[in-house]
$ cat my_file.pdb   # PDB, C-alpha atoms, pLDDT in the B column
ATOM      1  CA  MET A   1      46.427  96.714   4.983  1.00 94.00           C
ATOM      2  CA  LEU A   2      47.538  99.502   2.688  1.00 96.00           C
ATOM      3  CA  VAL A   3      45.380 100.301  -0.336  1.00 97.00           C
ATOM      4  CA  ARG A   4      48.428  99.840  -2.580  1.00 97.00           C
ATOM      5  CA  ASP A   5      49.205  96.347  -1.236  1.00 96.00           C
ATOM      6  CA  ALA A   6      45.592  95.219  -1.451  1.00 95.00           C
ATOM      7  CA  GLY A   7      45.360  96.523  -5.022  1.00 95.00           C
ATOM      8  CA  GLU A   8      48.483  94.684  -6.104  1.00 95.00           C
ATOM      9  CA  LYS A   9      47.640  91.416  -4.358  1.00 94.00           C
ATOM     10  CA  ILE A  10      44.258  90.997  -5.977  1.00 93.00           C
ATOM     11  CA  GLY A  11      45.332  92.380  -9.347  1.00 95.00           C
ATOM     12  CA  LEU A  12      43.296  95.571  -9.404  1.00 97.00           C
ATOM     13  CA  LYS A  13      44.125  98.099 -12.106  1.00 98.00           C
ATOM     14  CA  LEU A  14      44.859 101.570 -10.699  1.00 98.00           C
ATOM     15  CA  LEU A  15      43.182 104.168 -12.936  1.00 98.00           C
ATOM     16  CA  ALA A  16      43.893 107.314 -10.897  1.00 98.00           C
ATOM     17  CA  GLY A  17      44.662 108.725  -7.467  1.00 98.00           C
ATOM     18  CA  GLU A  18      47.995 107.047  -6.749  1.00 97.00           C
ATOM     19  CA  ALA A  19      48.734 109.691  -4.084  1.00 97.00           C
ATOM     20  CA  GLY A  20      46.100 108.089  -1.850  1.00 97.00           C
ATOM     21  CA  THR A  21      47.301 104.495  -2.080  1.00 98.00           C
ATOM     22  CA  SER A  22      49.368 104.625   1.095  1.00 97.00           C
ATOM     23  CA  ARG A  23      46.262 104.856   3.296  1.00 96.00           C
ATOM     24  CA  GLU A  24      44.781 101.906   5.155  1.00 96.00           C
ATOM     25  CA  ILE A  25      41.807  99.815   4.038  1.00 96.00           C
ATOM     26  CA  THR A  26      39.818  98.928   7.134  1.00 96.00           C
ATOM     27  CA  GLY A  27      36.609  97.536   5.638  1.00 97.00           C
ATOM     28  CA  VAL A  28      34.539  97.039   2.502  1.00 97.00           C
ATOM     29  CA  TYR A  29      31.285  98.703   1.492  1.00 98.00           C
ATOM     30  CA  ILE A  30      29.217  97.805  -1.574  1.00 98.00           C
ATOM     31  CA  CYS A  31      26.403 100.073  -2.772  1.00 98.00           C
ATOM     32  CA  ASP A  32      25.431 102.209  -5.758  1.00 97.00           C
ATOM     33  CA  LEU A  33      23.088 104.655  -4.012  1.00 96.00           C
ATOM     34  CA  LEU A  34      25.206 107.632  -3.037  1.00 96.00           C
ATOM     35  CA  SER A  35      23.132 108.879  -0.095  1.00 94.00           C
ATOM     36  CA  TRP A  36      23.047 105.344   1.258  1.00 94.00           C
ATOM     37  CA  VAL A  37      26.830 105.210   1.057  1.00 96.00           C
ATOM     38  CA  MET A  38      26.959 108.636   2.727  1.00 95.00           C
ATOM     39  CA  ALA A  39      24.884 107.277   5.599  1.00 93.00           C
ATOM     40  CA  HIS A  40      26.581 103.941   6.120  1.00 95.00           C
ATOM     41  CA  ALA A  41      30.112 103.646   4.688  1.00 97.00           C
ATOM     42  CA  GLY A  42      32.946 104.024   7.159  1.00 96.00           C
ATOM     43  CA  LYS A  43      36.280 105.812   7.032  1.00 96.00           C
ATOM     44  CA  GLY A  44      38.884 103.570   5.389  1.00 97.00           C
ATOM     45  CA  ASP A  45      36.364 101.367   3.556  1.00 98.00           C
ATOM     46  CA  ALA A  46      37.096 100.102   0.063  1.00 98.00           C
ATOM     47  CA  TRP A  47      33.934 101.162  -1.782  1.00 98.00           C
ATOM     48  CA  ILE A  48      32.796  98.903  -4.616  1.00 98.00           C
ATOM     49  CA  THR A  49      30.347 100.574  -7.007  1.00 98.00           C
ATOM     50  CA  VAL A  50      29.301 100.552 -10.659  1.00 98.00           C
ATOM     51  CA  GLN A  51      28.696 104.316 -10.515  1.00 98.00           C
ATOM     52  CA  THR A  52      31.475 105.981 -12.506  1.00 97.00           C
ATOM     53  CA  HIS A  53      30.572 109.698 -12.648  1.00 96.00           C
ATOM     54  CA  ALA A  54      32.718 112.344 -10.949  1.00 95.00           C
ATOM     55  CA  ASN A  55      30.534 112.633  -7.865  1.00 95.00           C
ATOM     56  CA  ILE A  56      31.760 109.264  -6.525  1.00 97.00           C
ATOM     57  CA  VAL A  57      35.103 110.981  -5.884  1.00 97.00           C
ATOM     58  CA  ALA A  58      33.389 113.669  -3.801  1.00 96.00           C
ATOM     59  CA  VAL A  59      31.639 110.986  -1.733  1.00 97.00           C
ATOM     60  CA  ALA A  60      34.875 109.038  -1.191  1.00 98.00           C
ATOM     61  CA  ALA A  61      36.820 112.186  -0.262  1.00 96.00           C
ATOM     62  CA  LEU A  62      34.181 113.457   2.173  1.00 96.00           C
ATOM     63  CA  LEU A  63      33.962 110.105   3.957  1.00 97.00           C
ATOM     64  CA  GLU A  64      37.726 109.503   3.765  1.00 96.00           C
ATOM     65  CA  LEU A  65      37.146 106.095   2.192  1.00 98.00           C
ATOM     66  CA  GLY A  66      40.191 103.944   1.440  1.00 98.00           C
ATOM     67  CA  CYS A  67      39.578 103.656  -2.287  1.00 98.00           C
ATOM     68  CA  ILE A  68      36.928 103.158  -4.969  1.00 98.00           C
ATOM     69  CA  ILE A  69      36.834  99.856  -6.857  1.00 98.00           C
ATOM     70  CA  ILE A  70      34.836  99.611 -10.086  1.00 98.00           C
ATOM     71  CA  PRO A  71      33.862  95.980 -10.776  1.00 98.00           C
ATOM     72  CA  GLU A  72      33.356  93.927 -13.953  1.00 98.00           C
ATOM     73  CA  GLY A  73      35.543  96.075 -16.170  1.00 97.00           C
ATOM     74  CA  VAL A  74      33.119  99.021 -16.260  1.00 98.00           C
ATOM     75  CA  GLU A  75      34.773 102.024 -17.940  1.00 98.00           C
ATOM     76  CA  VAL A  76      35.268 105.199 -15.905  1.00 98.00           C
ATOM     77  CA  GLU A  77      34.691 108.747 -17.235  1.00 96.00           C
ATOM     78  CA  GLU A  78      37.689 111.041 -17.774  1.00 96.00           C
ATOM     79  CA  ASP A  79      36.169 113.730 -15.507  1.00 95.00           C
ATOM     80  CA  THR A  80      36.062 111.204 -12.685  1.00 97.00           C
ATOM     81  CA  LEU A  81      39.691 110.191 -13.115  1.00 98.00           C
ATOM     82  CA  ARG A  82      40.851 113.815 -13.281  1.00 97.00           C
ATOM     83  CA  LYS A  83      39.019 114.585 -10.073  1.00 96.00           C
ATOM     84  CA  ALA A  84      40.352 111.426  -8.392  1.00 97.00           C
ATOM     85  CA  GLU A  85      43.875 112.486  -9.334  1.00 98.00           C
ATOM     86  CA  ASP A  86      43.303 115.997  -7.938  1.00 96.00           C
ATOM     87  CA  GLU A  87      41.795 114.711  -4.689  1.00 95.00           C
ATOM     88  CA  GLY A  88      44.184 111.778  -4.259  1.00 97.00           C
ATOM     89  CA  VAL A  89      41.335 109.252  -4.179  1.00 98.00           C
ATOM     90  CA  PRO A  90      42.506 105.895  -5.582  1.00 98.00           C
ATOM     91  CA  VAL A  91      40.154 104.526  -8.273  1.00 98.00           C
ATOM     92  CA  TYR A  92      40.692 100.914  -9.266  1.00 98.00           C
ATOM     93  CA  GLN A  93      39.087  98.765 -11.932  1.00 98.00           C
ATOM     94  CA  SER A  94      38.611  95.013 -11.700  1.00 98.00           C
ATOM     95  CA  GLY A  95      37.302  92.277 -13.970  1.00 97.00           C
ATOM     96  CA  LEU A  96      35.729  90.577 -10.950  1.00 98.00           C
ATOM     97  CA  SER A  97      32.185  91.093  -9.708  1.00 98.00           C
ATOM     98  CA  ALA A  98      31.548  93.128  -6.560  1.00 98.00           C
ATOM     99  CA  TYR A  99      31.161  89.875  -4.622  1.00 98.00           C
ATOM    100  CA  GLY A 100      34.347  88.465  -6.162  1.00 97.00           C
ATOM    101  CA  ILE A 101      36.316  91.553  -5.096  1.00 97.00           C
ATOM    102  CA  ALA A 102      34.823  91.404  -1.600  1.00 97.00           C
ATOM    103  CA  LYS A 103      35.815  87.732  -1.289  1.00 97.00           C
ATOM    104  CA  GLU A 104      39.420  88.519  -2.260  1.00 97.00           C
ATOM    105  CA  LEU A 105      39.600  91.389   0.230  1.00 96.00           C
ATOM    106  CA  TYR A 106      38.165  89.148   2.938  1.00 96.00           C
ATOM    107  CA  ARG A 107      40.782  86.471   2.184  1.00 95.00           C
ATOM    108  CA  MET A 108      43.464  89.088   2.728  1.00 93.00           C
ATOM    109  CA  GLY A 109      42.215  89.685   6.221  1.00 92.00           C
ATOM    110  CA  ILE A 110      39.897  92.658   5.709  1.00 92.00           C
ATOM    111  CA  GLU A 111      36.936  91.500   7.732  1.00 86.00           C
TER     112      GLU A 111
ATOM    113  CA  MET B   1      36.989 132.005  18.426  1.00 64.00           C
ATOM    114  CA  GLU B   2      35.282 134.740  16.411  1.00 78.00           C
ATOM    115  CA  ASP B   3      32.260 133.992  14.263  1.00 91.00           C
ATOM    116  CA  ILE B   4      33.225 132.936  10.748  1.00 94.00           C
ATOM    117  CA  LYS B   5      30.994 132.937   7.667  1.00 97.00           C
ATOM    118  CA  TYR B   6      31.516 131.598   4.155  1.00 98.00           C
ATOM    119  CA  VAL B   7      29.082 131.719   1.221  1.00 98.00           C
ATOM    120  CA  PHE B   8      29.259 129.305  -1.734  1.00 98.00           C
ATOM    121  CA  ASP B   9      27.236 129.370  -4.947  1.00 97.00           C
ATOM    122  CA  VAL B  10      25.837 126.022  -6.103  1.00 97.00           C
ATOM    123  CA  LYS B  11      24.708 125.541  -9.704  1.00 97.00           C
ATOM    124  CA  LYS B  12      21.883 123.306 -10.820  1.00 95.00           C
ATOM    125  CA  ASP B  13      22.697 120.169 -12.833  1.00 93.00           C
ATOM    126  CA  ASP B  14      26.462 120.609 -12.449  1.00 92.00           C
ATOM    127  CA  PHE B  15      27.248 117.013 -11.521  1.00 90.00           C
ATOM    128  CA  VAL B  16      30.965 117.322 -12.225  1.00 88.00           C
ATOM    129  CA  ARG B  17      31.532 120.116  -9.695  1.00 90.00           C
ATOM    130  CA  ALA B  18      28.858 118.865  -7.292  1.00 92.00           C
ATOM    131  CA  GLY B  19      30.446 118.038  -3.969  1.00 93.00           C
ATOM    132  CA  GLU B  20      33.097 120.752  -4.193  1.00 94.00           C
ATOM    133  CA  THR B  21      31.284 123.029  -1.765  1.00 97.00           C
ATOM    134  CA  SER B  22      31.054 120.239   0.817  1.00 97.00           C
ATOM    135  CA  SER B  23      34.759 119.519   0.275  1.00 95.00           C
ATOM    136  CA  LYS B  24      35.576 123.184   0.920  1.00 96.00           C
ATOM    137  CA  VAL B  25      33.431 123.162   4.057  1.00 98.00           C
ATOM    138  CA  LYS B  26      35.265 120.086   5.285  1.00 97.00           C
ATOM    139  CA  LYS B  27      38.699 121.613   4.613  1.00 96.00           C
ATOM    140  CA  ILE B  28      37.783 124.815   6.465  1.00 97.00           C
ATOM    141  CA  LEU B  29      36.603 122.854   9.514  1.00 97.00           C
ATOM    142  CA  ARG B  30      39.697 120.698   9.448  1.00 96.00           C
ATOM    143  CA  GLU B  31      41.959 123.751   9.323  1.00 96.00           C
ATOM    144  CA  LEU B  32      40.133 125.129  12.350  1.00 94.00           C
ATOM    145  CA  GLY B  33      40.921 121.913  14.218  1.00 94.00           C
ATOM    146  CA  ILE B  34      37.264 120.955  14.753  1.00 95.00           C
ATOM    147  CA  ASP B  35      36.696 117.447  16.158  1.00 95.00           C
ATOM    148  CA  SER B  36      36.692 114.801  13.394  1.00 94.00           C
ATOM    149  CA  SER B  37      33.318 113.300  14.348  1.00 94.00           C
ATOM    150  CA  ILE B  38      31.750 116.772  14.034  1.00 96.00           C
ATOM    151  CA  ILE B  39      33.473 117.282  10.667  1.00 97.00           C
ATOM    152  CA  ARG B  40      32.042 114.001   9.426  1.00 96.00           C
ATOM    153  CA  LYS B  41      28.494 114.965  10.439  1.00 97.00           C
ATOM    154  CA  ILE B  42      28.742 118.413   8.869  1.00 97.00           C
ATOM    155  CA  SER B  43      30.354 117.001   5.701  1.00 96.00           C
ATOM    156  CA  ILE B  44      27.510 114.526   5.180  1.00 96.00           C
ATOM    157  CA  ALA B  45      24.797 117.099   5.899  1.00 97.00           C
ATOM    158  CA  ALA B  46      26.469 119.718   3.665  1.00 98.00           C
ATOM    159  CA  TYR B  47      26.836 117.183   0.836  1.00 97.00           C
ATOM    160  CA  GLU B  48      23.153 116.266   0.982  1.00 97.00           C
ATOM    161  CA  ALA B  49      22.137 119.936   1.051  1.00 97.00           C
ATOM    162  CA  GLU B  50      24.449 120.692  -1.861  1.00 97.00           C
ATOM    163  CA  MET B  51      23.200 117.738  -3.915  1.00 97.00           C
ATOM    164  CA  ASN B  52      19.608 118.753  -3.268  1.00 96.00           C
ATOM    165  CA  ILE B  53      20.340 122.152  -4.810  1.00 97.00           C
ATOM    166  CA  VAL B  54      22.115 120.532  -7.798  1.00 96.00           C
ATOM    167  CA  ILE B  55      19.414 117.924  -8.395  1.00 95.00           C
ATOM    168  CA  HIS B  56      16.154 119.582  -7.430  1.00 94.00           C
ATOM    169  CA  SER B  57      16.516 123.364  -7.660  1.00 95.00           C
ATOM    170  CA  THR B  58      17.290 126.049 -10.180  1.00 95.00           C
ATOM    171  CA  GLY B  59      20.407 126.967  -8.203  1.00 96.00           C
ATOM    172  CA  GLY B  60      21.244 128.423  -4.834  1.00 97.00           C
ATOM    173  CA  GLN B  61      23.763 128.979  -2.096  1.00 98.00           C
ATOM    174  CA  ILE B  62      25.294 127.135   0.817  1.00 98.00           C
ATOM    175  CA  VAL B  63      26.353 129.225   3.802  1.00 98.00           C
ATOM    176  CA  LEU B  64      28.740 127.942   6.464  1.00 98.00           C
ATOM    177  CA  GLU B  65      28.759 129.732   9.818  1.00 98.00           C
ATOM    178  CA  ILE B  66      31.023 128.830  12.685  1.00 96.00           C
ATOM    179  CA  THR B  67      30.286 130.321  16.088  1.00 94.00           C
ATOM    180  CA  PRO B  68      31.762 129.335  19.465  1.00 90.00           C
ATOM    181  CA  GLY B  69      28.904 126.960  20.252  1.00 93.00           C
ATOM    182  CA  VAL B  70      27.381 125.959  16.911  1.00 97.00           C
ATOM    183  CA  ILE B  71      28.319 125.110  13.340  1.00 97.00           C
ATOM    184  CA  ARG B  72      25.497 126.062  10.998  1.00 98.00           C
ATOM    185  CA  ILE B  73      24.940 125.117   7.344  1.00 98.00           C
ATOM    186  CA  THR B  74      22.229 127.074   5.577  1.00 98.00           C
ATOM    187  CA  ALA B  75      21.037 126.030   2.122  1.00 98.00           C
ATOM    188  CA  ASN B  76      18.922 128.467   0.146  1.00 97.00           C
ATOM    189  CA  ASP B  77      17.663 127.781  -3.333  1.00 97.00           C
ATOM    190  CA  ARG B  78      15.581 129.706  -5.831  1.00 94.00           C
ATOM    191  CA  GLY B  79      12.890 127.110  -6.286  1.00 88.00           C
ATOM    192  CA  PRO B  80      10.782 125.363  -7.307  1.00 94.00           C
ATOM    193  CA  GLY B  81      10.243 124.368  -3.668  1.00 94.00           C
ATOM    194  CA  ILE B  82       9.015 121.216  -1.950  1.00 93.00           C
ATOM    195  CA  ALA B  83       5.281 120.553  -2.190  1.00 90.00           C
ATOM    196  CA  ASP B  84       5.080 118.418   0.962  1.00 91.00           C
ATOM    197  CA  VAL B  85       7.995 118.827   3.387  1.00 92.00           C
ATOM    198  CA  GLU B  86       6.701 116.157   5.776  1.00 93.00           C
ATOM    199  CA  LEU B  87       6.624 113.608   2.950  1.00 94.00           C
ATOM    200  CA  ALA B  88      10.106 114.668   1.768  1.00 94.00           C
ATOM    201  CA  MET B  89      11.447 113.932   5.255  1.00 94.00           C
ATOM    202  CA  LYS B  90      10.382 110.284   4.895  1.00 95.00           C
ATOM    203  CA  GLU B  91      13.232 107.926   4.104  1.00 94.00           C
ATOM    204  CA  GLY B  92      12.856 106.530   0.586  1.00 93.00           C
ATOM    205  CA  TYR B  93      10.608 109.295  -0.738  1.00 94.00           C
ATOM    206  CA  SER B  94      12.085 111.140  -3.712  1.00 94.00           C
ATOM    207  CA  THR B  95      10.930 113.198  -6.686  1.00 93.00           C
ATOM    208  CA  ALA B  96      14.211 112.693  -8.584  1.00 94.00           C
ATOM    209  CA  THR B  97      14.056 111.922 -12.298  1.00 94.00           C
ATOM    210  CA  ASP B  98      15.016 108.529 -13.749  1.00 95.00           C
ATOM    211  CA  ARG B  99      18.224 110.006 -15.199  1.00 93.00           C
ATOM    212  CA  VAL B 100      19.338 111.225 -11.771  1.00 94.00           C
ATOM    213  CA  ARG B 101      18.345 107.938 -10.115  1.00 96.00           C
ATOM    214  CA  GLU B 102      20.483 106.010 -12.597  1.00 95.00           C
ATOM    215  CA  MET B 103      23.437 108.028 -11.307  1.00 95.00           C
ATOM    216  CA  GLY B 104      22.739 106.720  -7.810  1.00 95.00           C
ATOM    217  CA  PHE B 105      21.014 109.846  -6.513  1.00 95.00           C
ATOM    218  CA  GLY B 106      17.378 110.115  -5.502  1.00 92.00           C
ATOM    219  CA  ALA B 107      17.443 107.387  -2.848  1.00 93.00           C
ATOM    220  CA  GLY B 108      15.169 109.546  -0.730  1.00 94.00           C
ATOM    221  CA  MET B 109      17.785 109.843   2.000  1.00 93.00           C
ATOM    222  CA  GLY B 110      18.895 113.455   1.607  1.00 95.00           C
ATOM    223  CA  LEU B 111      16.771 115.104   4.274  1.00 96.00           C
ATOM    224  CA  PRO B 112      16.854 112.029   6.589  1.00 95.00           C
ATOM    225  CA  ASN B 113      20.681 112.066   6.392  1.00 95.00           C
ATOM    226  CA  MET B 114      20.707 115.785   7.228  1.00 97.00           C
ATOM    227  CA  LYS B 115      18.477 115.114  10.224  1.00 96.00           C
ATOM    228  CA  ARG B 116      20.603 112.213  11.434  1.00 96.00           C
ATOM    229  CA  CYS B 117      23.784 114.287  11.226  1.00 97.00           C
ATOM    230  CA  SER B 118      22.474 117.398  12.954  1.00 98.00           C
ATOM    231  CA  ASP B 119      21.341 118.482  16.393  1.00 97.00           C
ATOM    232  CA  ARG B 120      18.641 120.664  14.801  1.00 98.00           C
ATOM    233  CA  LEU B 121      17.229 120.744  11.274  1.00 98.00           C
ATOM    234  CA  TYR B 122      14.796 123.371  10.012  1.00 97.00           C
ATOM    235  CA  VAL B 123      13.201 123.034   6.593  1.00 97.00           C
ATOM    236  CA  THR B 124      10.893 125.685   5.204  1.00 96.00           C
ATOM    237  CA  SER B 125       9.669 125.488   1.666  1.00 94.00           C
ATOM    238  CA  SER B 126       6.776 126.270  -0.551  1.00 86.00           C
ATOM    239  CA  GLU B 127       6.172 125.767  -4.235  1.00 85.00           C
ATOM    240  CA  GLY B 128       7.284 128.754  -6.223  1.00 82.00           C
ATOM    241  CA  THR B 129       9.502 130.386  -3.604  1.00 86.00           C
ATOM    242  CA  GLY B 130      12.228 127.842  -2.986  1.00 94.00           C
ATOM    243  CA  THR B 131      13.616 125.916  -0.066  1.00 97.00           C
ATOM    244  CA  HIS B 132      15.443 127.159   3.006  1.00 97.00           C
ATOM    245  CA  ILE B 133      17.262 124.577   5.122  1.00 98.00           C
ATOM    246  CA  VAL B 134      19.176 125.207   8.341  1.00 98.00           C
ATOM    247  CA  ILE B 135      21.372 122.468   9.782  1.00 98.00           C
ATOM    248  CA  GLU B 136      22.928 123.037  13.202  1.00 98.00           C
ATOM    249  CA  VAL B 137      25.518 120.944  15.020  1.00 98.00           C
ATOM    250  CA  ASP B 138      26.453 121.876  18.576  1.00 97.00           C
ATOM    251  CA  LEU B 139      30.079 122.218  19.574  1.00 94.00           C
ATOM    252  CA  LYS B 140      30.947 121.150  23.054  1.00 85.00           C
ATOM    253  CA  ALA B 141      34.115 121.982  24.952  1.00 74.00           C
ATOM    254  CA  GLY B 142      37.047 120.155  23.396  1.00 72.00           C
ATOM    255  CA  GLU B 143      35.472 119.912  19.941  1.00 73.00           C
ATOM    256  CA  GLN B 144      36.028 123.513  18.920  1.00 71.00           C
ATOM    257  CA  GLY B 145      39.641 123.482  17.801  1.00 69.00           C
ATOM    258  CA  GLU B 146      41.721 126.613  18.201  1.00 57.00           C
TER     259      GLU B 146
END
$ encode --input "my_file.pdb" --output "structure tokens"
Amino acid sequence: MLVRDAGEKIGLKLLAGEAGTSREITGVYICDLLSWVMAHAGKGDAWITVQTHANIVAVAALLELGCIIIPEGVEVEEDTLRKAEDEGVPVYQSGLSAYGIAKELYRMGIE
Amino acid sequence: MEDIKYVFDVKKDDFVRAGETSSKVKKILRELGIDSSIIRKISIAAYEAEMNIVIHSTGGQIVLEITPGVIRITANDRGPGIADVELAMKEGYSTATDRVREMGFGAGMGLPNMKRCSDRLYVTSSEGTGTHIVIEVDLKAGEQGE
């Protein structure tokens, strides 16, 4: 499923990185420890994290993750959004919890 | 393929630009047509080496060398050095500050990730002189690009 379609279907708010929304989401990874994500997240994963500083964009770009989803309405720094725009890494915001987002993605067939 | 070498400066505490060196490394390898699984390993190892310089050192350099058989990342910093390298290699061990941990760094996985993603890892360090890390990934036939 395309990042764009998944984002629209579960009502995620796109904050930056629209250029990257035509890539595929192939899985979901939830973690806030960056080195842990580096070790375990897979290419194409939607990464759900409450970390909002600019380095999350570097992690997502290096691993070629599908997108970053910030749960529970957490605000994202301007630096992060600028970098996401530059790198074409989609950053979404959701009012749902990490588990709530994961459930919605699962319902859409991302298993 | 001729040997290629790039040198990048990495500043301490620059969390906004942190990761840019690893991104450049990745782009260079991609342009050379290196196998994607090798690029992933080098990207992860380079990121961890870069973040270690940003978080723990007073600044340093990352060097990328590409030779026909090996891709090598060398990270040199100006200190303060690692007191106990063996302990630092243990997953979960970290000397990161609370502020850095709140940002999601300092999981104690930097050196273990470098080891996992490399064919050889050399770490030499002593307090006062800085840390010198060499990460090597072998290139086999078919993985070397043009």
$ resolve_selection --input "my_file.pdb" --expression "the ChimeraX specification (/A :<12) & /B" --output "count of residues only"
54
$ resolve_selection --input "my_file.pdb" --expression "the PyMOL selection byres ((chain B and resi 4) around 7)" --output "ChimeraX atom specification"
/B:2-3,5-6,65-67
$ closest_residue --input "my_file.pdb" --among "A:Ala102, A:Met108, A:Leu81, A:Ile70" --to "Glu18 (chain A)" --atoms "only C-alpha atoms"
A:Leu81
$ residues_near_point --input "my_file.pdb" --point "(37.2, 121.8, 18.0)" --cutoff "12 Å" --atoms "all atoms listed in the file" --output "ChimeraX atom specification"
/B:1,28-39,66-71,138-146
$ resolve_selection --input "my_file.pdb" --expression "the PyMOL selection byres ((chain B and resi 125) around 8)" --output "PDB file with C-alpha atoms, in the frame of the given file"
ATOM      1  CA  GLY B  81      10.243 124.368  -3.668  1.00 94.00           C
ATOM      2  CA  ILE B  82       9.015 121.216  -1.950  1.00 93.00           C
ATOM      3  CA  ALA B  83       5.281 120.553  -2.190  1.00 90.00           C
ATOM      4  CA  VAL B  85       7.995 118.827   3.387  1.00 92.00           C
ATOM      5  CA  VAL B 123      13.201 123.034   6.593  1.00 97.00           C
ATOM      6  CA  THR B 124      10.893 125.685   5.204  1.00 96.00           C
ATOM      7  CA  SER B 126       6.776 126.270  -0.551  1.00 86.00           C
ATOM      8  CA  GLU B 127       6.172 125.767  -4.235  1.00 85.00           C
ATOM      9  CA  THR B 129       9.502 130.386  -3.604  1.00 86.00           C
ATOM     10  CA  GLY B 130      12.228 127.842  -2.986  1.00 94.00           C
ATOM     11  CA  THR B 131      13.616 125.916  -0.066  1.00 97.00           C
ATOM     12  CA  HIS B 132      15.443 127.159   3.006  1.00 97.00           C
TER      13      HIS B 132
END
$ atom_distance --input "my_file.pdb" --atom1 "CA of Glu85 (chain A)" --atom2 "CA of Thr21 (chain A)"
11.3 Å
$ axis_aligned_box --input "my_file.pdb" --around "region 93-108 of chain A" --padding-each-side "4 Å" --output "AutoDock Vina command-line options"
--center_x 37.3 --center_y 92.6 --center_z -5.5 --size_x 20.3 --size_y 20.3 --size_z 24.9
$ residues_near_point --input "my_file.pdb" --point "(43.9, 95.0, 4.1)" --cutoff "9 Å" --atoms "only C-alpha atoms" --output "list in words"
Met1, Leu2, Val3, Asp5, Ala6, Glu24, Ile25, Thr26, Gly27, Leu105, Tyr106, Met108, Gly109, Ile110 and Glu111 of chain A
$ atom_distance --input "my_file.pdb" --atom1 "CA of Ala75 (chain B)" --atom2 "CA of Arg99 (chain B)"
23.8 Å
$ atom_distance --input "my_file.pdb" --atom1 "CA of Pro80 (chain B)" --atom2 "CA of Gly128 (chain B)"
5.0 Å
$ residues_around --input "my_file.pdb" --residues "Leu121 (chain B)" --least-positions-apart "6" --cutoff "7 Å" --atoms "all atoms listed in the file" --output "ChimeraX atom specification"
/B:115,134-136
$ residues_around --input "my_file.pdb" --residues "Ala84 (chain A)" --least-positions-apart "5" --cutoff "8 Å" --atoms "only C-alpha atoms" --output "NGL selection string"
:A and (16-17 or 57 or 89-91)
